[in-house]
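Enquirer: Let me give you the structure first, and then I'll get to my questions.
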Amino acid sequence: MNVVVRRLDHVQICVPIGAEDEARAFYTDVLSFVEIEKPDALKANGGLWYKVGNVELHIGVENRKGYRSNGHPAFEVENVEAVCGYLEDNGVVTYDEKAILGAVRFSFRDPFNNRIEFLEKRQ
């Protein structure tokens with residue numbers, strides 16, 4: 001049997017237990033991601049869900065003491081340089097990423113130390 005993958009459905013990152021309001025302030029207010037309602041069966045677990053383009057970003061909660069992963073979602077954006085400048089103007093520290101053919105990209109850490117990459121594909 002071949003596994004047929006249709007598309008990426010969602011990416012999950014985590015924030016500390018009880019930090020949903022701070023996560024909402026960053027992901028909704030700074031990044032302008034659109035929050036969507038979690039299924040009733042999962043609401044007791046905490047966390048938030050967002051619709052980002054044609055995928056979902058699920059933000060779970062967990063003990064994050066001392067955690068710094070390089071795992072990350074990468075979102076394709078328009079006008080990557082302007083987006084980078086906007087984040088920097090809002091106090092977000094950005095990091096240049098190694099150049100790869102066909103993409104301009106940078107990364108940053110959210111307030112919970114999750115690594116996020118934004119990129120713009122170019123020919």
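Ordering of the structure tokens sets the chain letters (A, B, ...), residue numbers begin anew at 1 in every chain, and ligands are numbered from 1 in the order given.
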With region 22-28 of chain A as the partner and 12 Å as the cut-off, tabulate the residues of region 90-111 of chain A that qualify, each row holding the nearest pair of atoms and their distance in Å to one decimal, using only C-alpha atoms, sorted by chain and rising number, as JSON lines.
Expert:
```
{"residue": "A:Asn90", "atom": "CA", "partner": "A:Phe26", "partner_atom": "CA", "distance": 10.2}
{"residue": "A:Gly91", "atom": "CA", "partner": "A:Phe26", "partner_atom": "CA", "distance": 11.2}
{"residue": "A:Val92", "atom": "CA", "partner": "A:Phe26", "partner_atom": "CA", "distance": 10.1}
{"residue": "A:Arg109", "atom": "CA", "partner": "A:Phe26", "partner_atom": "CA", "distance": 11.1}
{"residue": "A:Asp110", "atom": "CA", "partner": "A:Phe26", "partner_atom": "CA", "distance": 7.6}
{"residue": "A:Pro111", "atom": "CA", "partner": "A:Phe26", "partner_atom": "CA", "distance": 7.6}
```
Enquirer: Filtering to C-alpha atoms, could you give me those residues as a PDB file, in the first residue's frame?
Expert:
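Now in selection.pdb:
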```pdb
ATOM      1  CA  ASN A  90       6.800  45.258  17.300  1.00  0.00           C
ATOM      2  CA  GLY A  91       9.788  44.118  19.350  1.00  0.00           C
ATOM      3  CA  VAL A  92      10.196  40.676  17.804  1.00  0.00           C
ATOM      4  CA  ARG A 109      10.859  32.935  18.388  1.00  0.00           C
ATOM      5  CA  ASP A 110       7.378  33.499  19.742  1.00  0.00           C
ATOM      6  CA  PRO A 111       7.047  34.600  23.397  1.00  0.00           C
TER       7      PRO A 111
END
```
Enquirer: For Ser69 (chain A), please output as JSON, numbers by chain all residues within 12 Å (counting only C-alpha atoms; exclusion window: fewer than 3 positions along the same chain).
Expert: {"A": [13, 14, 64, 65, 66, 72, 73, 109, 110, 112, 113, 114, 115, 116]}
Enquirer: Would you save the residues from that selection as an mmCIF file, in the first residue's frame, using N, CA and C atoms?
Expert:
```cif
data_model
loop_
_atom_site.group_PDB
_atom_site.id
_atom_site.type_symbol
_atom_site.label_atom_id
_atom_site.label_comp_id
_atom_site.auth_asym_id
_atom_site.auth_seq_id
_atom_site.Cartn_x
_atom_site.Cartn_y
_atom_site.Cartn_z
ATOM 1 N N ILE A 13 2.371 23.508 17.955
ATOM 2 C CA ILE A 13 3.444 23.966 18.821
ATOM 3 C C ILE A 13 2.842 24.088 20.211
ATOM 4 N N CYS A 14 3.655 24.362 21.214
ATOM 5 C CA CYS A 14 3.129 24.417 22.574
ATOM 6 C C CYS A 14 3.576 25.673 23.305
ATOM 7 N N ARG A 64 6.941 23.771 29.795
ATOM 8 C CA ARG A 64 7.950 24.244 28.840
ATOM 9 C C ARG A 64 9.262 24.634 29.503
ATOM 10 N N LYS A 65 9.481 24.315 30.753
ATOM 11 C CA LYS A 65 10.680 24.747 31.466
ATOM 12 C C LYS A 65 11.948 24.262 30.756
ATOM 13 N N GLY A 66 12.767 25.226 30.325
ATOM 14 C CA GLY A 66 14.043 24.912 29.703
ATOM 15 C C GLY A 66 13.969 24.386 28.280
ATOM 16 N N HIS A 72 9.860 23.502 13.815
ATOM 17 C CA HIS A 72 9.132 24.738 13.538
ATOM 18 C C HIS A 72 8.173 24.581 12.367
ATOM 19 N N PRO A 73 7.111 25.403 12.369
ATOM 20 C CA PRO A 73 6.321 25.542 11.148
ATOM 21 C C PRO A 73 6.948 26.644 10.296
ATOM 22 N N ARG A 109 11.411 33.728 17.288
ATOM 23 C CA ARG A 109 10.859 32.935 18.388
ATOM 24 C C ARG A 109 9.626 33.656 18.916
ATOM 25 N N ASP A 110 8.552 32.899 19.121
ATOM 26 C CA ASP A 110 7.378 33.499 19.742
ATOM 27 C C ASP A 110 7.670 33.722 21.226
ATOM 28 N N PHE A 112 7.046 32.159 23.649
ATOM 29 C CA PHE A 112 7.172 30.900 24.386
ATOM 30 C C PHE A 112 8.352 30.076 23.901
ATOM 31 N N ASN A 113 9.217 30.697 23.096
ATOM 32 C CA ASN A 113 10.436 30.079 22.583
ATOM 33 C C ASN A 113 10.200 29.075 21.464
ATOM 34 N N ASN A 114 9.024 29.099 20.835
ATOM 35 C CA ASN A 114 8.790 28.291 19.642
ATOM 36 C C ASN A 114 9.431 28.996 18.455
ATOM 37 N N ARG A 115 10.141 28.254 17.639
ATOM 38 C CA ARG A 115 10.737 28.813 16.430
ATOM 39 C C ARG A 115 9.682 28.837 15.325
ATOM 40 N N ILE A 116 9.547 29.983 14.632
ATOM 41 C CA ILE A 116 8.613 30.153 13.525
ATOM 42 C C ILE A 116 9.418 30.684 12.340
#
```
Enquirer: So how far away is CA of Asp29 (chain A) from CA of Glu76 (chain A), in Å?
Expert: 19.1 Å
Enquirer: Hey, can you check how far CA of Asp40 (chain A) sits from CA of Phe75 (chain A)?
Expert: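 According to the coordinates, CA of Asp40 (chain A) and CA of Phe75 (chain A) are separated by 27.3 Å.
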Enquirer: I'd like the contact shell of Asp9 (chain A) - 12 Å cut-off, only C-alpha atoms, skipping same-chain residues fewer than 3 positions apart - returned as a PyMOL selection string.
Expert: chain A and resi 5-6+12+50-58+73
Enquirer: Would you mind exporting C-alpha atoms of the selected residues as a PDB file, in the first residue's frame?
Expert:
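After the write, selection-v3.pdb holds the following:
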```pdb
ATOM      1  CA  VAL A   5      -0.734  12.512   1.408  1.00  0.00           C
ATOM      2  CA  ARG A   6      -3.149  15.167   0.193  1.00  0.00           C
ATOM      3  CA  GLN A  12       1.156  21.956  16.599  1.00  0.00           C
ATOM      4  CA  TYR A  50      -5.759  29.160  14.295  1.00  0.00           C
ATOM      5  CA  LYS A  51      -6.483  29.101  10.582  1.00  0.00           C
ATOM      6  CA  VAL A  52      -3.346  30.252   8.733  1.00  0.00           C
ATOM      7  CA  GLY A  53      -3.702  30.216   4.961  1.00  0.00           C
ATOM      8  CA  ASN A  54      -4.889  26.726   4.057  1.00  0.00           C
ATOM      9  CA  VAL A  55      -3.504  24.974   7.169  1.00  0.00           C
ATOM     10  CA  GLU A  56      -4.196  25.139  10.874  1.00  0.00           C
ATOM     11  CA  LEU A  57      -1.820  26.043  13.681  1.00  0.00           C
ATOM     12  CA  HIS A  58      -2.688  24.233  16.890  1.00  0.00           C
ATOM     13  CA  PRO A  73       6.321  25.542  11.148  1.00  0.00           C
TER      14      PRO A  73
END
```
Enquirer: Have a look at CA of Phe118 (chain A) and CA of Val104 (chain A) and let me know their distance in Å, one decimal.
Expert: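 Distance between the two atoms: 8.6 Å.
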Enquirer: Just want the 12 Å neighbourhood of Glu81 (chain A), counted on only C-alpha atoms, with same-chain residues fewer than 5 positions away dropped. Output as a list in words.
Expert: Tyr86, Leu87, Glu88, Thr94, Asp96, Ala103, Val104, Arg105, Phe106, Ser107, Phe118, Leu119 and Glu120 of chain A
Enquirer: Go ahead and write the selection's residues with C-alpha atoms as a compact mmCIF listing (two decimals), in the first residue's frame.
Expert:
```txt
# COMPACT_ATOMS: atom_id res chain seq x y z
CA TYR A 86 6.80 44.88 10.92
CA LEU A 87 7.75 42.19 13.45
CA GLU A 88 10.95 44.00 14.37
CA THR A 94 14.30 38.11 13.84
CA ASP A 96 18.38 35.60 9.01
CA ALA A 103 13.26 31.57 -1.24
CA VAL A 104 13.89 34.57 0.97
CA ARG A 105 13.34 33.63 4.60
CA PHE A 106 13.80 34.52 8.23
CA SER A 107 12.81 33.07 11.57
CA PHE A 118 8.35 33.00 7.36
CA LEU A 119 9.42 32.74 3.73
CA GLU A 120 8.63 34.12 0.31
```
Enquirer: Just asking: which residues within region 1-120 of chain A are strand (DSSP E) according to DSSP, as a ChimeraX atom specification?
Expert: /A:10-16,34-36,48-52,55-62,74-76,94-96,103-109,115-120
Enquirer: With N, CA and C atoms retained, write the just-selected residues as a tab-separated table (two decimals), in the first residue's frame.
Expert:
```tsv
chain	number	residue	atom	x	y	z
A	10	HIS	N	-2.31	20.44	9.71
A	10	HIS	CA	-2.01	21.35	10.81
A	10	HIS	C	-0.61	21.10	11.35
A	11	VAL	N	-0.13	22.09	12.06
A	11	VAL	CA	1.13	22.01	12.79
A	11	VAL	C	0.79	22.34	14.23
A	12	GLN	N	1.38	21.62	15.20
A	12	GLN	CA	1.16	21.96	16.60
A	12	GLN	C	2.46	22.40	17.24
A	13	ILE	N	2.37	23.51	17.95
A	13	ILE	CA	3.44	23.97	18.82
A	13	ILE	C	2.84	24.09	20.21
A	14	CYS	N	3.65	24.36	21.21
A	14	CYS	CA	3.13	24.42	22.57
A	14	CYS	C	3.58	25.67	23.31
A	15	VAL	N	2.76	26.05	24.27
A	15	VAL	CA	3.03	27.17	25.18
A	15	VAL	C	2.90	26.63	26.60
A	16	PRO	N	3.38	27.38	27.59
A	16	PRO	CA	3.23	26.91	28.97
A	16	PRO	C	1.77	26.80	29.37
A	34	VAL	N	-6.07	34.10	12.39
A	34	VAL	CA	-7.50	34.01	12.68
A	34	VAL	C	-7.75	32.81	13.60
A	35	GLU	N	-8.20	33.11	14.82
A	35	GLU	CA	-8.49	32.03	15.77
A	35	GLU	C	-9.76	31.30	15.36
A	36	ILE	N	-9.72	29.98	15.46
A	36	ILE	CA	-10.89	29.15	15.19
A	36	ILE	C	-11.23	28.36	16.45
A	48	LEU	N	-5.09	26.80	21.92
A	48	LEU	CA	-5.81	27.59	20.92
A	48	LEU	C	-5.58	26.98	19.55
A	49	TRP	N	-6.51	27.22	18.64
A	49	TRP	CA	-6.33	26.83	17.24
A	49	TRP	C	-6.48	28.05	16.35
A	50	TYR	N	-5.70	28.07	15.26
A	50	TYR	CA	-5.76	29.16	14.30
A	50	TYR	C	-5.85	28.61	12.88
A	51	LYS	N	-6.49	29.36	12.02
A	51	LYS	CA	-6.48	29.10	10.58
A	51	LYS	C	-5.43	30.04	10.01
A	52	VAL	N	-4.45	29.48	9.30
A	52	VAL	CA	-3.35	30.25	8.73
A	52	VAL	C	-3.21	29.82	7.28
A	55	VAL	N	-3.81	25.95	6.13
A	55	VAL	CA	-3.50	24.97	7.17
A	55	VAL	C	-3.94	25.53	8.51
A	56	GLU	N	-3.88	24.70	9.52
A	56	GLU	CA	-4.20	25.14	10.87
A	56	GLU	C	-2.95	25.10	11.73
A	57	LEU	N	-2.86	26.03	12.66
A	57	LEU	CA	-1.82	26.04	13.68
A	57	LEU	C	-2.51	25.73	14.99
A	58	HIS	N	-2.13	24.63	15.60
A	58	HIS	CA	-2.69	24.23	16.89
A	58	HIS	C	-1.66	24.57	17.96
A	59	ILE	N	-2.08	25.31	18.95
A	59	ILE	CA	-1.19	25.69	20.04
A	59	ILE	C	-1.66	24.93	21.28
A	60	GLY	N	-0.89	23.94	21.66
A	60	GLY	CA	-1.19	23.14	22.84
A	60	GLY	C	-0.52	23.72	24.06
A	61	VAL	N	-0.77	23.13	25.21
A	61	VAL	CA	-0.14	23.56	26.45
A	61	VAL	C	0.64	22.40	27.06
A	62	GLU	N	1.81	22.72	27.63
A	62	GLU	CA	2.64	21.71	28.27
A	62	GLU	C	3.65	22.40	29.17
A	74	ALA	N	6.80	26.53	8.99
A	74	ALA	CA	7.25	27.58	8.07
A	74	ALA	C	6.05	28.02	7.26
A	75	PHE	N	5.76	29.32	7.30
A	75	PHE	CA	4.61	29.88	6.60
A	75	PHE	C	5.09	30.72	5.44
A	76	GLU	N	4.53	30.47	4.26
A	76	GLU	CA	4.83	31.30	3.10
A	76	GLU	C	4.02	32.58	3.21
A	94	THR	N	14.31	39.00	15.00
A	94	THR	CA	14.30	38.11	13.84
A	94	THR	C	15.71	37.63	13.55
A	95	TYR	N	15.79	36.49	12.87
A	95	TYR	CA	17.08	35.86	12.55
A	95	TYR	C	17.12	35.56	11.06
A	96	ASP	N	18.19	35.98	10.41
A	96	ASP	CA	18.38	35.60	9.01
A	96	ASP	C	18.62	34.10	8.95
A	103	ALA	N	14.02	31.10	-2.40
A	103	ALA	CA	13.26	31.57	-1.24
A	103	ALA	C	14.06	32.60	-0.46
A	104	VAL	N	13.35	33.61	0.01
A	104	VAL	CA	13.89	34.57	0.97
A	104	VAL	C	13.19	34.25	2.28
A	105	ARG	N	13.96	34.10	3.37
A	105	ARG	CA	13.34	33.63	4.60
A	105	ARG	C	14.02	34.18	5.84
A	106	PHE	N	13.27	34.16	6.92
A	106	PHE	CA	13.80	34.52	8.23
A	106	PHE	C	13.02	33.74	9.28
A	107	SER	N	13.53	33.73	10.49
A	107	SER	CA	12.81	33.07	11.57
A	107	SER	C	12.78	33.98	12.79
A	108	PHE	N	11.97	33.60	13.75
A	108	PHE	CA	11.85	34.31	15.01
A	108	PHE	C	11.33	33.33	16.05
A	109	ARG	N	11.41	33.73	17.29
A	109	ARG	CA	10.86	32.94	18.39
A	109	ARG	C	9.63	33.66	18.92
A	115	ARG	N	10.14	28.25	17.64
A	115	ARG	CA	10.74	28.81	16.43
A	115	ARG	C	9.68	28.84	15.32
A	116	ILE	N	9.55	29.98	14.63
A	116	ILE	CA	8.61	30.15	13.52
A	116	ILE	C	9.42	30.68	12.34
A	117	GLU	N	9.17	30.15	11.15
A	117	GLU	CA	9.84	30.65	9.95
A	117	GLU	C	8.79	31.25	9.01
A	118	PHE	N	9.13	32.40	8.43
A	118	PHE	CA	8.35	33.00	7.36
A	118	PHE	C	9.24	33.04	6.13
A	119	LEU	N	8.65	32.72	4.97
A	119	LEU	CA	9.42	32.74	3.73
A	119	LEU	C	8.58	33.23	2.58
A	120	GLU	N	9.27	33.73	1.56
A	120	GLU	CA	8.63	34.12	0.31
A	120	GLU	C	9.36	33.41	-0.79
```
Enquirer: Using only C-alpha atoms, can you tell me which of A:Glu20, A:Asn70, A:Gln123, A:Gly102 comes closest to Gly47 (chain A)?
Expert: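 Ranking A:Glu20, A:Asn70, A:Gln123, A:Gly102 by distance to Gly47 (chain A), first place goes to A:Glu20.
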Enquirer: Per DSSP on the backbone, filter chain A down to the residues in alpha helix (DSSP H) and report them as a list in words.
Expert: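 For chain A, the alpha helix (DSSP H) set is Glu20, Asp21, Glu22, Ala23, Arg24, Val80, Glu81, Ala82, Val83, Cys84, Gly85, Tyr86, Leu87, Glu88 and Asp89 of chain A.
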